[in-house]
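Participant: Handing you a structure now.
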Amino acid sequence: MEENDSALAHRAASGETDAFENLVRLHRPKLLRFLWAYLGNFSDAEDLVQDTFARAYSALHKYDHKQSFTTWLFVIGRRLAANEKRRIGRQRKREAELEVPQEVEAVYPEFDSGSIWAAAKNILPENSYAAMWLHYGENQSVKEIAQILGKSVTGVKVTLHRARRTLASEIDPDLVGERIDR
């Protein structure tokens with residue numbers, strides 16, 4: 001029987017490193033995908049994944065076991081990524097394109113440069129893109145996304161709605177009159 005995240009986090013907070021290693025193993029892939037989608041740079045995302053887990057490990061005593069560990073972890077990751085984006089500056093964001101190294105494309109085929117995600121990255125503001133990725137790419141609930149992005153549930157619903165409409169109007173303007181919400 002596998003332990004849930006909360007039990008693993010509790011054991012890790014008590015000093016059991018194998019429990020934290022299990023949390024890393026379970027959550028690293030989806031955290032990496034999220035941070036990569038958020039930053040648009042795979043190597044920066046890899047660095048932030050390590051930073052996120054280091055911060056999480058040192059703050060395990062603050063983790064509320066009544067909440068989702070994934071959400072708590074993604075909040076830490078998003079905050080670090082936001083700081084990284086500010087550090088890098090807007091100039092790099094405008095110049096950088098979502099380039100997918102071949103070895104990465106083999107692991108995450110949804111990131112090919114012609115994909116809807118590449119188009120969304122170029123079209124949507126970063127918070128809208130992050131909300132879309134968390135909802136459709138990581139299957140996070142609207143409530144979890146609200147916690148991760150520091151928004152209200154209603155704010156996330158509005159952001160997702162507007163992001164879908166914006167994508168539809170940019171990709172196929174004829175879709176705007178049709179119902180595009182899922």
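Scheme for the structure tokens: letters A, B, ... for chains in order shown; per-chain residue numbers from 1; ligand numbers from 1 in order shown.
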If we count only C-alpha atoms and set the cut-off at 8 Å, which residues sit around range 136-144 of chain A, ignoring sequence neighbours fewer than 3 positions away in its own chain? Please answer as number ranges by chain.

Facilitator: A: 30, 34, 71, 132-133, 147-148, 153, 156-157

Participant: Neighbouring residues of Ala54 in chain A were defined as those with any atom within 12 Å, considering only C-alpha atoms; residues of the same chain fewer than 6 positions away were excluded. Please report them as a list in words.

Facilitator: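 Everything that qualifies: Phe20, Glu21, Val24, Asp47, Leu48, Leu60, Leu73, Ile76, Gly77 and Leu80 of chain A.
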
Participant: May I have the residues from that selection written out with N, CA and C atoms, as a PDB file, in the first residue's frame?

Facilitator:
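Everything below was put into selection_31.pdb:
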ATOM      1  N   PHE A  20      11.048  11.849   1.896  1.00  0.00           N
ATOM      2  CA  PHE A  20      11.160  13.030   1.033  1.00  0.00           C
ATOM      3  C   PHE A  20      11.619  12.627  -0.370  1.00  0.00           C
ATOM      4  N   GLU A  21      12.511  11.662  -0.460  1.00  0.00           N
ATOM      5  CA  GLU A  21      12.934  11.174  -1.773  1.00  0.00           C
ATOM      6  C   GLU A  21      11.745  10.623  -2.555  1.00  0.00           C
ATOM      7  N   VAL A  24       9.840  13.589  -3.908  1.00  0.00           N
ATOM      8  CA  VAL A  24      10.551  14.144  -5.063  1.00  0.00           C
ATOM      9  C   VAL A  24      10.285  13.281  -6.292  1.00  0.00           C
ATOM     10  N   ASP A  47      16.662  23.888 -12.836  1.00  0.00           N
ATOM     11  CA  ASP A  47      17.285  24.527 -11.674  1.00  0.00           C
ATOM     12  C   ASP A  47      16.248  24.882 -10.620  1.00  0.00           C
ATOM     13  N   LEU A  48      15.114  25.415 -11.070  1.00  0.00           N
ATOM     14  CA  LEU A  48      14.079  25.807 -10.115  1.00  0.00           C
ATOM     15  C   LEU A  48      13.396  24.617  -9.458  1.00  0.00           C
ATOM     16  N   LEU A  60       9.193  22.005   5.534  1.00  0.00           N
ATOM     17  CA  LEU A  60       8.225  20.935   5.786  1.00  0.00           C
ATOM     18  C   LEU A  60       7.470  21.123   7.101  1.00  0.00           C
ATOM     19  N   LEU A  73       3.517  22.586  -2.949  1.00  0.00           N
ATOM     20  CA  LEU A  73       4.765  22.532  -3.692  1.00  0.00           C
ATOM     21  C   LEU A  73       4.729  23.459  -4.905  1.00  0.00           C
ATOM     22  N   ILE A  76       5.220  27.105  -3.991  1.00  0.00           N
ATOM     23  CA  ILE A  76       6.642  27.413  -3.796  1.00  0.00           C
ATOM     24  C   ILE A  76       7.335  27.565  -5.152  1.00  0.00           C
ATOM     25  N   GLY A  77       7.085  26.616  -6.052  1.00  0.00           N
ATOM     26  CA  GLY A  77       7.691  26.663  -7.379  1.00  0.00           C
ATOM     27  C   GLY A  77       7.292  27.893  -8.172  1.00  0.00           C
ATOM     28  N   LEU A  80       9.064  30.993  -6.801  1.00  0.00           N
ATOM     29  CA  LEU A  80      10.463  31.019  -7.233  1.00  0.00           C
ATOM     30  C   LEU A  80      10.569  31.372  -8.722  1.00  0.00           C
TER      31      LEU A  80
END

Participant: How far is it from CA of Ala146 in chain A to CA of Ala45 in chain A, in Å with one decimal?

Facilitator: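 For CA of Ala146 in chain A relative to CA of Ala45 in chain A, the distance reads 21.3 Å.
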
Participant: Among range 1-42 of chain A, which ones does DSSP assign to helix (DSSP H, G or I) (computed from the backbone)? Answer as a VMD selection string.

Facilitator: chain A and resid 5 to 13 17 to 39 42

Participant: May I have the residues from that selection written out with N, CA and C atoms, as an mmCIF file, in the first residue's frame?

Facilitator:
data_model
loop_
_atom_site.group_PDB
_atom_site.id
_atom_site.type_symbol
_atom_site.label_atom_id
_atom_site.label_comp_id
_atom_site.auth_asym_id
_atom_site.auth_seq_id
_atom_site.Cartn_x
_atom_site.Cartn_y
_atom_site.Cartn_z
ATOM 1 N N ASP A 5 0.630 11.620 0.045
ATOM 2 C CA ASP A 5 1.593 12.713 0.137
ATOM 3 C C ASP A 5 1.698 13.269 1.548
ATOM 4 N N SER A 6 0.565 13.410 2.204
ATOM 5 C CA SER A 6 0.556 13.985 3.542
ATOM 6 C C SER A 6 1.354 13.126 4.522
ATOM 7 N N ALA A 7 1.167 11.822 4.445
ATOM 8 C CA ALA A 7 1.900 10.911 5.329
ATOM 9 C C ALA A 7 3.395 10.942 5.015
ATOM 10 N N LEU A 8 3.737 10.981 3.727
ATOM 11 C CA LEU A 8 5.144 11.072 3.347
ATOM 12 C C LEU A 8 5.761 12.380 3.844
ATOM 13 N N ALA A 9 5.011 13.473 3.706
ATOM 14 C CA ALA A 9 5.511 14.778 4.166
ATOM 15 C C ALA A 9 5.711 14.780 5.679
ATOM 16 N N HIS A 10 4.786 14.152 6.384
ATOM 17 C CA HIS A 10 4.909 14.072 7.842
ATOM 18 C C HIS A 10 6.160 13.277 8.230
ATOM 19 N N ARG A 11 6.375 12.156 7.562
ATOM 20 C CA ARG A 11 7.572 11.347 7.839
ATOM 21 C C ARG A 11 8.839 12.111 7.477
ATOM 22 N N ALA A 12 8.800 12.822 6.357
ATOM 23 C CA ALA A 12 9.972 13.598 5.933
ATOM 24 C C ALA A 12 10.276 14.710 6.933
ATOM 25 N N ALA A 13 9.235 15.358 7.449
ATOM 26 C CA ALA A 13 9.421 16.413 8.444
ATOM 27 C C ALA A 13 10.025 15.858 9.729
ATOM 28 N N THR A 17 14.575 10.766 5.386
ATOM 29 C CA THR A 17 14.933 11.247 4.054
ATOM 30 C C THR A 17 14.332 10.402 2.942
ATOM 31 N N ASP A 18 14.119 9.104 3.190
ATOM 32 C CA ASP A 18 13.527 8.266 2.149
ATOM 33 C C ASP A 18 12.107 8.714 1.818
ATOM 34 N N ALA A 19 11.392 9.232 2.800
ATOM 35 C CA ALA A 19 10.034 9.734 2.558
ATOM 36 C C ALA A 19 10.088 10.957 1.645
ATOM 37 N N PHE A 20 11.048 11.849 1.896
ATOM 38 C CA PHE A 20 11.160 13.030 1.033
ATOM 39 C C PHE A 20 11.619 12.627 -0.370
ATOM 40 N N GLU A 21 12.511 11.662 -0.460
ATOM 41 C CA GLU A 21 12.934 11.174 -1.773
ATOM 42 C C GLU A 21 11.745 10.623 -2.555
ATOM 43 N N ASN A 22 10.812 9.958 -1.877
ATOM 44 C CA ASN A 22 9.600 9.475 -2.544
ATOM 45 C C ASN A 22 8.747 10.632 -3.037
ATOM 46 N N LEU A 23 8.636 11.702 -2.239
ATOM 47 C CA LEU A 23 7.882 12.880 -2.669
ATOM 48 C C LEU A 23 8.524 13.508 -3.906
ATOM 49 N N VAL A 24 9.840 13.589 -3.908
ATOM 50 C CA VAL A 24 10.551 14.144 -5.063
ATOM 51 C C VAL A 24 10.285 13.281 -6.292
ATOM 52 N N ARG A 25 10.415 11.983 -6.134
ATOM 53 C CA ARG A 25 10.198 11.063 -7.257
ATOM 54 C C ARG A 25 8.779 11.192 -7.818
ATOM 55 N N LEU A 26 7.802 11.343 -6.939
ATOM 56 C CA LEU A 26 6.408 11.436 -7.369
ATOM 57 C C LEU A 26 6.073 12.756 -8.043
ATOM 58 N N HIS A 27 6.648 13.851 -7.547
ATOM 59 C CA HIS A 27 6.212 15.176 -7.992
ATOM 60 C C HIS A 27 7.173 15.892 -8.932
ATOM 61 N N ARG A 28 8.382 15.408 -9.071
ATOM 62 C CA ARG A 28 9.366 16.089 -9.911
ATOM 63 C C ARG A 28 8.905 16.251 -11.366
ATOM 64 N N PRO A 29 8.403 15.187 -12.015
ATOM 65 C CA PRO A 29 8.033 15.347 -13.434
ATOM 66 C C PRO A 29 6.979 16.422 -13.681
ATOM 67 N N LYS A 30 5.906 16.438 -12.891
ATOM 68 C CA LYS A 30 4.862 17.432 -13.148
ATOM 69 C C LYS A 30 5.299 18.832 -12.734
ATOM 70 N N LEU A 31 6.131 18.948 -11.687
ATOM 71 C CA LEU A 31 6.659 20.259 -11.311
ATOM 72 C C LEU A 31 7.585 20.782 -12.408
ATOM 73 N N LEU A 32 8.398 19.907 -12.965
ATOM 74 C CA LEU A 32 9.288 20.307 -14.061
ATOM 75 C C LEU A 32 8.488 20.779 -15.269
ATOM 76 N N ARG A 33 7.455 20.037 -15.639
ATOM 77 C CA ARG A 33 6.623 20.454 -16.784
ATOM 78 C C ARG A 33 5.994 21.815 -16.525
ATOM 79 N N PHE A 34 5.466 22.018 -15.298
ATOM 80 C CA PHE A 34 4.832 23.288 -14.977
ATOM 81 C C PHE A 34 5.835 24.435 -15.030
ATOM 82 N N LEU A 35 6.984 24.262 -14.400
ATOM 83 C CA LEU A 35 7.972 25.350 -14.371
ATOM 84 C C LEU A 35 8.543 25.615 -15.756
ATOM 85 N N TRP A 36 8.686 24.573 -16.548
ATOM 86 C CA TRP A 36 9.151 24.760 -17.919
ATOM 87 C C TRP A 36 8.115 25.550 -18.721
ATOM 88 N N ALA A 37 6.867 25.178 -18.557
ATOM 89 C CA ALA A 37 5.799 25.897 -19.252
ATOM 90 C C ALA A 37 5.744 27.345 -18.778
ATOM 91 N N TYR A 38 5.934 27.562 -17.504
ATOM 92 C CA TYR A 38 5.856 28.910 -16.928
ATOM 93 C C TYR A 38 7.034 29.773 -17.369
ATOM 94 N N LEU A 39 8.239 29.189 -17.378
ATOM 95 C CA LEU A 39 9.441 29.955 -17.710
ATOM 96 C C LEU A 39 9.778 29.951 -19.197
ATOM 97 N N PHE A 42 13.901 25.202 -20.448
ATOM 98 C CA PHE A 42 14.005 23.914 -19.773
ATOM 99 C C PHE A 42 15.091 23.892 -18.708
#

Participant: Which distance in Å separates CA of Ala131 in chain A and CA of Arg55 in chain A, to one decimal?

Facilitator: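 Interatomic distance here is 22.9 Å.
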
Participant: I'd like the interatomic distance between CA of Lys66 in chain A and CA of Ile145 in chain A, to a tenth of an Å.

Facilitator: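 Calculated distance between CA of Lys66 in chain A and CA of Ile145 in chain A is 16.9 Å.
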